[in-house]
Amino acid sequence: MGSLYSEYPSWLHRWPAGLKLLLLAVFGTLLFLTSSPLLLAGCGAGCALLWWSLGEATQIARRLMRSVMVAALLVAGFHVLMGNRELAAVSALRLICASTLGIALTITTRPSDLVEVLEWLLSPLAALGVRTERAAMQLALMLRFTEHFFVQWKKLDDAYRLRTGKSGGLRLIAPLTIHMLQATRRVADALWARLGF
Amino acid sequence: MTTPSHTVSRHGARSMAQVSLFAALMAVMGLIPKIDLPFGVPITIQSLGVMLAGVMLGPWRGLQSMLLFLAAVAVGLPLLSGGRGGIGVFMSPSAGYLVGYALAACIAGAIMAALPQSTPRRTAVSAFVASVLGGLLCLHAFGVLGLMQLAGMNLSQAFKVTLAFVPGDFIKCILCAVIVHTVARGMPDWRFGGRQ
Amino acid sequence: MSQGMEIADVRLQRGQTLVFDGLSLKLTEKRIGVIGDNGAGKSSLFRLLCGLEQAQSGRVLMEGQPLLQARAEHPGLVGLMFQNPDDQIIFPTVAEELALGLRPKGLNKQQARARAHELLSARGLAHWAERAVGSLSQGQRQQVCWLSLLIASPQVLLLDEPFASLDLPGQARLAQDIAAAPQQILVSTHVLDHVRGFERVLWLEQGRLRGDGPGREICSAYEADVAARLADLHTAVPSHG
Amino acid sequence: MSQGMEIADVRLQRGQTLVFDGLSLKLTEKRIGVIGDNGAGKSSLFRLLCGLEQAQSGRVLMEGQPLLQARAEHPGLVGLMFQNPDDQIIFPTVAEELALGLRPKGLNKQQARARAHELLSARGLAHWAERAVGSLSQGQRQQVCWLSLLIASPQVLLLDEPFASLDLPGQARLAQDIAAAPQQILVSTHVLDHVRGFERVLWLEQGRLRGDGPGREICSAYEADVAARLADLHTAVPSHG
Ligand SMILES: Nc1ncnc2c1ncn2[C@@H]1O[C@H](COP(=O)(O)OP(=O)(O)OP(=O)(O)O)[C@@H](O)[C@H]1O
Ligand SMILES: Nc1ncnc2c1ncn2[C@@H]1O[C@H](COP(=O)(O)OP(=O)(O)OP(=O)(O)O)[C@@H](O)[C@H]1O
Ligand SMILES: O=C(O)CCCC[C@@H]1SC[C@@H]2NC(=O)N[C@@H]21
Ligand SMILES: [Mg+2]
Ligand SMILES: [Mg+2]
């Protein structure tokens with residue numbers, strides 16, 4: 001399976017995963033506590049700066065970012081149509097800021113490091129009999145599958161485009177579904193073959 | 001003999017992979033834009049993910065996949081539509097729906113397990129029924145409770161609000177049935193509703 | 001088919017890896033082998049030649065025209081057999097998978113299906129038509145990949161290690177198919193015997209052309225190089241288990 | 001290691017295909033090759049031997065004990081190198097991937113990581129540690145699969161066409177590694193030279209044991225059979241392009 005984690009080193013790669021996650025949680029919450037367009041515009045500028053400072057590391061997520069931009073424009077357009085310009089600005093900015101922060105975390109943090117933090121956060125539950133190691137593994141797998149959706153989609157689209165000259169579009173939903181369900185079998189086989197009893 | 005915590009059983013491995021996949025599906029659906037409605041609960045495609053998780057995995061794994069997803073959201077990953085996450089969202093008017101995600105998947109799965117699945121078409125019809133009962137009725141019931149608790153609405157107001165989502169969710173039930181039909185044809189050995 | 005394909009001063013970066021830096025090639029021969037170590041750039045070359053990778057600089061031309069433009073004008077110009085069958089296969093059943101390659105030719109679904117069944121029957125594989133691709137063995141899947149390329153019959157065929165999972169009879173049959181095909185064919189492989197007889201073989205090393213010439217010559221040169229490296233290894237490092 | 005593994009009168013159905021029907025085998029030799037056509041059942045045999053497939057009837061034993069029970073008592077008993085590297089690899093970076101195999105041994109994350117880095121350095125591949133597995137070439141990925149098996153060092157190794165995507169030096173190195181490993185190893189392959197020297201080779205044909213004996217003997221028998229079939233093909237059907 002492929003990954004959104006960027007191999008280009010950036011300054012943010014060097015920060016500990018826990019700190020980045022904490023900052024994301026804090027800023028993510030703050031974004032939703034304010035509804036001042038000016039404040040959010042400031043956040044937007046900050047996010048743009050962050051994105052720019054990561055340099056080549058963002059290359060891997062540019063497609064994703066573009067789709068976020070389109071989504072933001074759609075949302076803004078909807079609210080403008082409903083006659084609420086302020087809400088348009090606020091929701092678009094929020095979406096862009098929150099996504100930028102999330103993407104910045106994803107491309108600069110190895111999923112396993114994230115999972116380690118989550119494992120630590122869950123560790124108090126171990127006393128209650130929860131198998132935290134398993135929960136952590138499950139989170140890791142979830143992140144893997146999330147990326148695998150995109151990787152598999154790209155593979156299918158590459159193959160389709162090459163063979164028919166057109167982009168597959170929605171026609172690929174059914175094959176993607178089947179490929180992903182089959183992926184659960186392969187991953188389960190590999191997991192068990194390697195860790196199983 | 002006690003099993004060490006870093007190993008998995010065959011059944012466990014399969015279950016972990018499936019649970020993770022549908023939690024991941026929810027995360028992917030979170031990237032699809034939502035439509036904000038004025039009362040603070042968006043229209044989102046994620047409720048389709050809830051139906052699919054229940055129908056495809058059955059009650060227990062469906063529930064687990066939603067709990068995993070909600071845990072990841074709570075921890076701060078921006079996985080709800082519009083890139084939202086964090087503990088904050090469980091204080092918002094949509095909190096009832098979020099809790100409902102887990103229970104709706106569970107109920108849809110239980111219903112699916114009980115319905116006939118002899119042919120792809122019959123399986124698709126069963127999936128439609130299960131997603132209407134679990135993914136629509138049940139999810140909206142929890143949503144209404146949440147709106148009453150957290151948005152200070154009374155029952156009839158909350159009911160009217162949730163009605164706004166019904167047409168969209170009805171289409172999602174149909175989509176769910178179509179996807180199930182495809183899978184039933186392409187993977188005849190898939191166990192819908194987690195049947196043994 | 002006078003000018004064939006051409007790569008001019010191409011620089012290709014994939015992720016962190018600079019795969020090609022200033023690679024130039026004119027590909028006019030009908031049979032061209034591509035050999036070299038793992039990671040030398042064989043698959044990247046093929047992906048470049050069919051337009052799946054875009055060069056950061058330099059040009060990829062087909063009959064003197066930029067590749068992407070040529071492809072847009074003539075769909076089904078270049079076909080790639082992926083190294084990993086699972087990267088190529090899109091649809092759940094064999095017949096659907098084979099039928100896909102006929103759509104650019106303007107056949108409708110029924111016609112495409114019928115042609116797929118025909119091809120399978122001609123090969124004694126009629127019973128595969130409705131089988132789920134996922135339920136075939138790896139070598140059987142690789143055969144499906146070859147059939148789906150054969151049925152689509154693009155003008156140029158790029159085969160990325162097509163022999164890797166085939167059994168001995170399957171390898172012999174594919175070699176025959178290759179010999180009989182009227183198109184231009186590029187084959188990458190680690191089984192040198194399959195390209196030794198080709199009029200031209202390219203030997204890639206870390207993205208550069210280390211050898212380029214008649215199959216027999218280049219294959220022996222590569223073998224000699226491998227032997228020398230292995231001898232070095234034996235004298236330098238004791239084998240570690 | 002006295003009794004090794006044993007398959008007794010096994011019937012295995014995968015989907016619609018009846019793969020084995022009454023297969024019995026005692027596997028005590030240290031090096032066993034498995035050869036045969038595509039779809040003969042090589043991968044299915046390996047999946048059976050590591051417990052990924054459950055026989056519909058018959059038993060799979062390890063040292064006289066049912067396999068699943070034996071595996072439950074000793075995690076890390078049998079290791080499988082999957083035919084398709086992408087089926088085996090779970091985690092995104094090479095180091096994580098290698099570290100995973102050490103978890104059943106009870107090593108914690110840091111220790112496992114450290115061991116993975118050690119192994120990579122010993123092979124001159126230290127720079128791979130942080131690389132995304134998805135950004136390696138297919139042959140490089142297959143090498144990672146072998147390394148992750150080597151580091152996990154199970155008691156029995158099942159290698160399903162481990163040479164298929166490796167370059168010539170890589171194949172030679174893997175052959176050395178296999179020769180040097182202290183464990184019992186089963187290797188399936190279409191490159192007969194790699195198992196010709198083995199003390200025992202199994203030749204599967206449509207799920208039945210067609211040949212069983214010293215490598216040299218069985219490999220030539222299989223080759224002779226292939227040659228005969230190809231000759232038949234040539235006289236019977238004119239080659240179709
Ligand atoms: N998707 C990718 N992203 C980044 N780098 C890649 C990717 N695929 C391959 N590479 C790198 O590009 C170089 C060339 O890879 P390529 O796959 O072309 O090699 P190859 O000659 O086909 O090898 P093999 O014999 O193993 O198939 C290698 O160094 C490899 O690590
Ligand atoms: N997942 C599956 N479901 C159903 N049938 C399968 C599956 N995998 C393989 N088969 C069938 O089982 C038989 C044996 O397949 P197997 O993969 O063991 O062959 P193999 O000897 O490994 O072949 P190859 O050389 O191509 O790898 C084949 O007829 C194949 O079509
Ligand atoms: O993302 C959130 O904040 C949760 C929103 C819950 C939305 C509910 S789910 C059922 C109903 N159908 C929709 O499309 N939206 C609501
Ligand atoms: Mg390659
Ligand atoms: Mg096999």
# chains A, B, ... in the order shown; residues from 1 in each chain; ligands from 1
call {"tool": "interface_residues", "arguments": {"of": "chain D", "to": "chain C", "cutoff": "6 Å", "atoms": "only C-alpha atoms", "output": "count of residues only"}}
result
12
call {"tool": "closest_atom_pairs", "arguments": {"of": "chain A", "to": "ligand 2", "cutoff": "12 Å", "atoms": "only C-alpha atoms and all ligand atoms", "output": "tab-separated table"}}
result
residue	atom	partner	partner_atom_place_in_ligand_line	distance
A:Gln182	CA	ligand 2	1 (N)	10.0
A:Arg185	CA	ligand 2	1 (N)	10.0
A:Arg186	CA	ligand 2	1 (N)	10.2
A:Asp189	CA	ligand 2	1 (N)	11.6
call {"tool": "write_last_selection", "arguments": {"atoms": "N, CA and C atoms", "output": "PDB file, in the first residue's frame"}}
result
ATOM      1  N   GLN A 182     -11.167  -6.913  -1.241  1.00  0.00           N
ATOM      2  CA  GLN A 182     -10.150  -7.953  -1.373  1.00  0.00           C
ATOM      3  C   GLN A 182      -8.905  -7.584  -0.589  1.00  0.00           C
ATOM      4  N   ARG A 185      -8.835  -8.905   2.788  1.00  0.00           N
ATOM      5  CA  ARG A 185      -8.447 -10.322   2.906  1.00  0.00           C
ATOM      6  C   ARG A 185      -6.947 -10.471   2.864  1.00  0.00           C
ATOM      7  N   ARG A 186      -6.310  -9.749   1.931  1.00  0.00           N
ATOM      8  CA  ARG A 186      -4.860  -9.861   1.821  1.00  0.00           C
ATOM      9  C   ARG A 186      -4.183  -9.387   3.093  1.00  0.00           C
ATOM     10  N   ASP A 189      -4.650 -11.856   5.809  1.00  0.00           N
ATOM     11  CA  ASP A 189      -3.758 -13.005   5.606  1.00  0.00           C
ATOM     12  C   ASP A 189      -2.341 -12.662   6.021  1.00  0.00           C
TER      13      ASP A 189
END
call {"tool": "interface_residues", "arguments": {"of": "chain B", "to": "chain C", "cutoff": "10 Å", "atoms": "only C-alpha atoms", "output": "ChimeraX atom specification"}}
result
/B:183,185-188
call {"tool": "write_last_selection", "arguments": {"atoms": "all heavy atoms", "output": "PDB file, in the first residue's frame"}}
result
ATOM      1  N   VAL B 183     -21.218  -5.950  -5.143  1.00  0.00           N
ATOM      2  CA  VAL B 183     -20.329  -6.819  -4.370  1.00  0.00           C
ATOM      3  C   VAL B 183     -20.853  -8.253  -4.382  1.00  0.00           C
ATOM      4  O   VAL B 183     -20.087  -9.207  -4.521  1.00  0.00           O
ATOM      5  CB  VAL B 183     -20.171  -6.305  -2.925  1.00  0.00           C
ATOM      6  CG1 VAL B 183     -19.367  -7.280  -2.093  1.00  0.00           C
ATOM      7  CG2 VAL B 183     -19.521  -4.939  -2.931  1.00  0.00           C
ATOM      8  N   ARG B 185     -22.353  -9.721  -6.649  1.00  0.00           N
ATOM      9  CA  ARG B 185     -22.021 -10.371  -7.917  1.00  0.00           C
ATOM     10  C   ARG B 185     -20.525 -10.610  -8.044  1.00  0.00           C
ATOM     11  O   ARG B 185     -20.090 -11.671  -8.471  1.00  0.00           O
ATOM     12  CB  ARG B 185     -22.511  -9.522  -9.088  1.00  0.00           C
ATOM     13  CG  ARG B 185     -24.025  -9.680  -9.330  1.00  0.00           C
ATOM     14  CD  ARG B 185     -24.425  -9.000 -10.609  1.00  0.00           C
ATOM     15  NE  ARG B 185     -23.735  -7.718 -10.716  1.00  0.00           N
ATOM     16  CZ  ARG B 185     -23.144  -7.294 -11.814  1.00  0.00           C
ATOM     17  NH1 ARG B 185     -23.183  -8.011 -12.890  1.00  0.00           N
ATOM     18  NH2 ARG B 185     -22.524  -6.129 -11.821  1.00  0.00           N
ATOM     19  N   GLY B 186     -19.736  -9.583  -7.656  1.00  0.00           N
ATOM     20  CA  GLY B 186     -18.286  -9.678  -7.842  1.00  0.00           C
ATOM     21  C   GLY B 186     -17.583 -10.536  -6.807  1.00  0.00           C
ATOM     22  O   GLY B 186     -16.532 -11.094  -7.079  1.00  0.00           O
ATOM     23  N   MET B 187     -18.138 -10.621  -5.612  1.00  0.00           N
ATOM     24  CA  MET B 187     -17.527 -11.446  -4.561  1.00  0.00           C
ATOM     25  C   MET B 187     -18.602 -12.307  -3.926  1.00  0.00           C
ATOM     26  O   MET B 187     -19.065 -12.022  -2.820  1.00  0.00           O
ATOM     27  CB  MET B 187     -16.890 -10.555  -3.484  1.00  0.00           C
ATOM     28  CG  MET B 187     -15.751  -9.717  -3.982  1.00  0.00           C
ATOM     29  SD  MET B 187     -15.085  -8.688  -2.671  1.00  0.00           S
ATOM     30  CE  MET B 187     -14.042  -9.861  -1.805  1.00  0.00           C
ATOM     31  N   PRO B 188     -18.975 -13.380  -4.621  1.00  0.00           N
ATOM     32  CA  PRO B 188     -20.116 -14.184  -4.151  1.00  0.00           C
ATOM     33  C   PRO B 188     -19.909 -14.737  -2.746  1.00  0.00           C
ATOM     34  O   PRO B 188     -20.873 -15.088  -2.066  1.00  0.00           O
ATOM     35  CB  PRO B 188     -20.189 -15.334  -5.161  1.00  0.00           C
ATOM     36  CG  PRO B 188     -19.165 -15.073  -6.199  1.00  0.00           C
ATOM     37  CD  PRO B 188     -18.341 -13.905  -5.815  1.00  0.00           C
TER      38      PRO B 188
END
call {"tool": "residues_around", "arguments": {"residues": "range 70-73 of chain D", "least_positions_apart": "5", "cutoff": "8 Å", "atoms": "only C-alpha atoms", "output": "ChimeraX atom specification"}}
result
/A:196-197 /D:62,65,78
call {"tool": "write_last_selection", "arguments": {"atoms": "C-alpha atoms", "output": "CSV table (one decimal), in the first residue's frame"}}
result
chain,number,residue,atom,x,y,z
A,196,GLY,CA,-0.8,-15.0,14.1
A,197,PHE,CA,-1.3,-17.9,16.3
D,62,MET,CA,3.6,-30.1,12.7
D,65,GLN,CA,0.6,-31.9,16.5
D,78,VAL,CA,6.0,-21.0,10.0
call {"tool": "atom_distance", "arguments": {"atom1": "CA of Asp21 in chain D", "atom2": "CA of Arg210 in chain D"}}
result
13.5 Å
call {"tool": "closest_residue", "arguments": {"among": "D:Pro214, D:Pro104, D:Met81, D:Ser220", "to": "ligand 5", "atoms": "only C-alpha atoms and all ligand atoms"}}
result
D:Met81
call {"tool": "residues_near_ligand", "arguments": {"ligand": "ligand 3", "cutoff": "10 Å", "atoms": "only C-alpha atoms and all ligand atoms", "output": "compact mmCIF listing (two decimals) with N, CA, C and O atoms, in the first residue's frame"}}
result
# COMPACT_ATOMS: atom_id res chain seq x y z
N GLY B 30 -15.17 11.63 4.45
CA GLY B 30 -15.05 12.93 5.11
C GLY B 30 -14.44 13.98 4.20
O GLY B 30 -14.59 15.18 4.43
N LYS B 34 -19.30 18.66 2.47
CA LYS B 34 -20.65 18.58 3.07
C LYS B 34 -21.44 19.80 2.64
O LYS B 34 -20.87 20.76 2.11
N ILE B 35 -22.71 19.77 2.88
CA ILE B 35 -23.53 20.96 2.65
C ILE B 35 -24.02 21.42 4.00
O ILE B 35 -24.67 20.66 4.73
N ASP B 36 -23.67 22.64 4.36
CA ASP B 36 -24.07 23.14 5.68
C ASP B 36 -25.51 23.60 5.66
O ASP B 36 -25.94 24.31 4.77
N LEU B 37 -26.24 23.14 6.66
CA LEU B 37 -27.59 23.67 6.82
C LEU B 37 -27.53 24.63 8.00
O LEU B 37 -26.69 24.50 8.88
N GLY B 40 -26.73 23.85 11.95
CA GLY B 40 -25.50 23.30 12.53
C GLY B 40 -25.29 21.82 12.30
O GLY B 40 -24.31 21.26 12.77
N VAL B 41 -26.19 21.14 11.60
CA VAL B 41 -25.95 19.74 11.24
C VAL B 41 -25.83 19.68 9.72
O VAL B 41 -26.76 20.08 9.02
N PRO B 42 -24.68 19.23 9.21
CA PRO B 42 -24.50 19.25 7.77
C PRO B 42 -25.14 18.04 7.09
O PRO B 42 -25.39 17.02 7.73
N ILE B 43 -25.38 18.17 5.79
CA ILE B 43 -25.68 17.00 4.97
C ILE B 43 -24.35 16.40 4.56
O ILE B 43 -23.50 17.11 4.00
N THR B 44 -24.14 15.15 4.83
CA THR B 44 -22.84 14.54 4.51
C THR B 44 -23.05 13.15 3.92
O THR B 44 -24.07 12.51 4.16
N ILE B 45 -22.05 12.71 3.19
CA ILE B 45 -22.13 11.38 2.58
C ILE B 45 -21.77 10.31 3.60
O ILE B 45 -21.97 9.12 3.38
N GLN B 46 -21.26 10.74 4.77
CA GLN B 46 -20.78 9.75 5.73
C GLN B 46 -21.88 8.83 6.24
O GLN B 46 -21.60 7.71 6.64
N SER B 47 -23.13 9.28 6.19
CA SER B 47 -24.17 8.36 6.68
C SER B 47 -24.29 7.14 5.75
O SER B 47 -24.72 6.08 6.18
N LEU B 48 -23.86 7.29 4.49
CA LEU B 48 -23.80 6.12 3.61
C LEU B 48 -22.75 5.13 4.12
O LEU B 48 -22.94 3.91 4.08
N VAL B 50 -21.97 4.65 7.17
CA VAL B 50 -22.55 3.96 8.32
C VAL B 50 -23.37 2.77 7.86
O VAL B 50 -23.24 1.66 8.37
N LEU B 79 -11.34 14.09 10.49
CA LEU B 79 -11.94 13.10 9.60
C LEU B 79 -13.43 13.30 9.32
O LEU B 79 -13.99 12.65 8.46
N LEU B 80 -14.08 14.18 10.07
CA LEU B 80 -15.48 14.45 9.75
C LEU B 80 -15.53 15.35 8.53
O LEU B 80 -14.60 16.10 8.26
N SER B 81 -16.65 15.26 7.80
CA SER B 81 -16.72 16.03 6.56
C SER B 81 -16.40 17.50 6.86
O SER B 81 -16.78 18.05 7.89
N GLY B 82 -15.67 18.09 5.93
CA GLY B 82 -15.23 19.45 6.14
C GLY B 82 -13.96 19.52 6.98
O GLY B 82 -13.59 20.58 7.48
N GLY B 83 -13.32 18.39 7.18
CA GLY B 83 -12.04 18.39 7.88
C GLY B 83 -12.17 18.71 9.37
O GLY B 83 -11.28 19.29 9.97
N ARG B 84 -13.31 18.31 9.98
CA ARG B 84 -13.46 18.60 11.41
C ARG B 84 -13.06 17.41 12.26
O ARG B 84 -13.10 16.27 11.81
N GLY B 85 -12.68 17.69 13.48
CA GLY B 85 -12.33 16.62 14.40
C GLY B 85 -12.13 17.21 15.78
O GLY B 85 -12.38 18.40 15.99
N VAL B 89 -16.43 18.41 18.54
CA VAL B 89 -17.59 18.06 17.73
C VAL B 89 -18.61 17.25 18.51
O VAL B 89 -19.78 17.20 18.13
N PHE B 90 -18.18 16.65 19.60
CA PHE B 90 -19.15 15.87 20.39
C PHE B 90 -19.99 16.78 21.28
O PHE B 90 -20.83 16.33 22.03
N MET B 91 -19.71 18.07 21.21
CA MET B 91 -20.52 19.05 21.93
C MET B 91 -21.44 19.80 20.97
O MET B 91 -22.19 20.66 21.38
N SER B 92 -21.33 19.50 19.70
CA SER B 92 -22.08 20.26 18.72
C SER B 92 -23.46 19.65 18.52
O SER B 92 -23.73 18.55 19.00
N PRO B 93 -24.34 20.35 17.81
CA PRO B 93 -25.70 19.80 17.59
C PRO B 93 -25.70 18.44 16.91
O PRO B 93 -26.65 17.69 17.05
N SER B 94 -24.61 18.11 16.16
CA SER B 94 -24.66 16.82 15.46
C SER B 94 -24.23 15.65 16.34
O SER B 94 -24.17 14.52 15.86
N ALA B 95 -23.91 15.92 17.61
CA ALA B 95 -23.39 14.86 18.47
C ALA B 95 -24.32 13.65 18.52
O ALA B 95 -23.85 12.51 18.52
N GLY B 96 -25.62 13.90 18.52
CA GLY B 96 -26.57 12.79 18.57
C GLY B 96 -26.37 11.87 17.38
O GLY B 96 -26.36 10.64 17.51
N TYR B 97 -26.19 12.47 16.21
CA TYR B 97 -25.97 11.66 15.01
C TYR B 97 -24.67 10.87 15.13
O TYR B 97 -24.60 9.72 14.71
N LEU B 98 -23.65 11.53 15.68
CA LEU B 98 -22.34 10.86 15.76
C LEU B 98 -22.43 9.61 16.63
O LEU B 98 -21.94 8.55 16.26
N VAL B 99 -23.05 9.76 17.80
CA VAL B 99 -23.24 8.57 18.64
C VAL B 99 -24.10 7.56 17.90
O VAL B 99 -23.86 6.35 17.93
N GLY B 100 -25.08 8.10 17.17
CA GLY B 100 -25.96 7.25 16.39
C GLY B 100 -25.23 6.45 15.33
O GLY B 100 -25.63 5.33 15.02
N TYR B 101 -24.13 7.01 14.79
CA TYR B 101 -23.35 6.27 13.78
C TYR B 101 -23.06 4.85 14.25
O TYR B 101 -23.28 3.86 13.55
N GLY B 135 -29.89 2.49 9.22
CA GLY B 135 -29.11 3.67 8.85
C GLY B 135 -29.94 4.93 8.70
O GLY B 135 -29.40 6.02 8.70
N LEU B 136 -31.25 4.77 8.57
CA LEU B 136 -32.07 5.97 8.43
C LEU B 136 -32.90 6.19 9.69
O LEU B 136 -32.63 7.12 10.46
N LEU B 137 -33.84 5.30 9.97
CA LEU B 137 -34.74 5.50 11.12
C LEU B 137 -33.97 5.62 12.42
O LEU B 137 -34.11 6.59 13.17
N CYS B 138 -33.12 4.63 12.65
CA CYS B 138 -32.44 4.58 13.94
C CYS B 138 -31.46 5.74 14.10
O CYS B 138 -31.41 6.40 15.13
N LEU B 139 -30.72 6.02 13.03
CA LEU B 139 -29.76 7.12 13.09
C LEU B 139 -30.47 8.44 13.37
O LEU B 139 -30.03 9.25 14.19
N HIS B 140 -31.60 8.64 12.70
CA HIS B 140 -32.33 9.88 12.90
C HIS B 140 -32.93 9.96 14.30
O HIS B 140 -33.01 11.06 14.87
N ALA B 141 -33.31 8.83 14.86
CA ALA B 141 -33.84 8.84 16.22
C ALA B 141 -32.78 9.37 17.19
O ALA B 141 -33.05 10.25 18.01
N PHE B 142 -31.57 8.87 17.04
CA PHE B 142 -30.50 9.37 17.91
C PHE B 142 -30.21 10.83 17.61
O PHE B 142 -29.93 11.62 18.51
N GLY B 143 -30.28 11.19 16.33
CA GLY B 143 -30.03 12.57 15.95
C GLY B 143 -31.02 13.51 16.62
O GLY B 143 -30.64 14.56 17.14
N VAL B 161 -36.46 19.26 11.69
CA VAL B 161 -35.09 19.42 11.21
C VAL B 161 -34.60 18.14 10.56
O VAL B 161 -34.07 18.12 9.45
N THR B 162 -34.81 17.04 11.25
CA THR B 162 -34.26 15.78 10.74
C THR B 162 -34.97 15.36 9.45
O THR B 162 -34.38 14.68 8.61
N LEU B 163 -36.22 15.80 9.29
CA LEU B 163 -36.93 15.48 8.06
C LEU B 163 -36.20 16.03 6.83
O LEU B 163 -36.25 15.44 5.75
N ALA B 164 -35.50 17.16 7.03
CA ALA B 164 -34.77 17.76 5.92
C ALA B 164 -33.73 16.80 5.33
O ALA B 164 -33.38 16.90 4.17
N PHE B 165 -33.26 15.88 6.17
CA PHE B 165 -32.22 14.95 5.71
C PHE B 165 -32.79 13.70 5.04
O PHE B 165 -32.06 12.96 4.40
N VAL B 166 -34.08 13.47 5.27
CA VAL B 166 -34.61 12.16 4.86
C VAL B 166 -34.50 11.90 3.36
O VAL B 166 -34.06 10.81 2.97
N PRO B 167 -34.85 12.88 2.51
CA PRO B 167 -34.74 12.56 1.07
C PRO B 167 -33.32 12.14 0.69
O PRO B 167 -33.13 11.12 0.00
N GLY B 168 -32.34 12.89 1.16
CA GLY B 168 -30.94 12.56 0.86
C GLY B 168 -30.58 11.18 1.37
O GLY B 168 -29.97 10.37 0.68
N ASP B 169 -30.98 10.92 2.61
CA ASP B 169 -30.61 9.63 3.19
C ASP B 169 -31.31 8.48 2.48
O ASP B 169 -30.79 7.36 2.42
N PHE B 170 -32.48 8.77 1.95
CA PHE B 170 -33.20 7.73 1.21
C PHE B 170 -32.40 7.35 -0.04
O PHE B 170 -32.24 6.17 -0.36
N LYS B 172 -29.24 7.58 -0.28
CA LYS B 172 -28.08 6.81 0.19
C LYS B 172 -28.45 5.35 0.41
O LYS B 172 -27.64 4.45 0.16
call {"tool": "closest_residue", "arguments": {"among": "D:Leu102, D:Leu27, D:Leu12, D:Ala221", "to": "chain A", "atoms": "only C-alpha atoms"}}
result
D:Leu102
call {"tool": "interface_residues", "arguments": {"of": "chain C", "to": "chain A", "cutoff": "7 Å", "atoms": "only C-alpha atoms", "output": "list in words"}}
result
Gln16, Leu52, Pro75, Gly76, Gly79, Asp87, Gln88, Ile90, Phe91, Gly101, Arg103 and Pro104 of chain C
call {"tool": "residues_around", "arguments": {"residues": "Gly62 in chain B", "least_positions_apart": "5", "cutoff": "12 Å", "atoms": "only C-alpha atoms", "output": "PyMOL selection string"}}
result
chain B and resi 15-16+18-23+26+49-57+67-69+101-110+112-113+134-135+192-194
call {"tool": "interface_residues", "arguments": {"of": "chain A", "to": "chain B", "cutoff": "6 Å", "atoms": "only C-alpha atoms", "output": "list in words"}}
result
Ala25, Ala71, Leu95, Ala98, Ser99, Leu141, Met142, Phe145, Thr146, Thr184, Ala188, Trp192, Leu195, Gly196 and Phe197 of chain A
call {"tool": "atom_distance", "arguments": {"atom1": "atom 4 (C, counted along the ligand's line) of ligand 1", "atom2": "CA of Leu54 in chain A"}}
result
19.0 Å
call {"tool": "residues_around", "arguments": {"residues": "Arg47 in chain C", "least_positions_apart": "6", "cutoff": "9 Å", "atoms": "only C-alpha atoms", "output": "VMD selection string"}}
result
chain C and resid 53 to 54 80 158
call {"tool": "select_by_dssp", "arguments": {"residues": "range 4-44 of chain A", "states": "helix (DSSP H, G or I)", "output": "list in words"}}
result
Trp11, Leu12, His13, Arg14, Ala17, Gly18, Leu19, Lys20, Leu21, Leu22, Leu23, Leu24, Ala25, Val26, Phe27, Gly28, Thr29, Leu30, Leu31, Phe32, Leu33, Pro37, Leu38, Leu39, Leu40, Ala41, Gly42, Cys43 and Gly44 of chain A
call {"tool": "atom_distance", "arguments": {"atom1": "CA of Ile103 in chain A", "atom2": "CA of Leu181 in chain A"}}
result
25.7 Å
call {"tool": "closest_residue", "arguments": {"among": "A:Leu74, A:Thr106, A:Val151, A:Leu24", "to": "ligand 1", "atoms": "only C-alpha atoms and all ligand atoms"}}
result
A:Val151
call {"tool": "select_by_dssp", "arguments": {"residues": "range 94-177 of chain C", "states": "strand (DSSP E)", "output": "number ranges by chain"}}
result
C: 156-160
call {"tool": "residues_around", "arguments": {"residues": "Ile96 in chain A", "least_positions_apart": "4", "cutoff": "8 Å", "atoms": "only C-alpha atoms", "output": "short mmCIF file (atom, residue, chain, number, x, y, z; two decimals) with C-alpha atoms, in the first residue's frame"}}
result
data_model
loop_
_atom_site.label_atom_id
_atom_site.label_comp_id
_atom_site.auth_asym_id
_atom_site.auth_seq_id
_atom_site.Cartn_x
_atom_site.Cartn_y
_atom_site.Cartn_z
CA GLY A 44 -5.83 31.26 6.35
CA VAL A 68 -10.11 20.67 -0.84
CA MET A 69 -9.97 24.05 -2.59
CA ALA A 72 -14.29 25.08 -0.23
CA ALA A 92 -14.67 28.07 3.29
CA THR A 100 -4.22 22.30 5.64
#
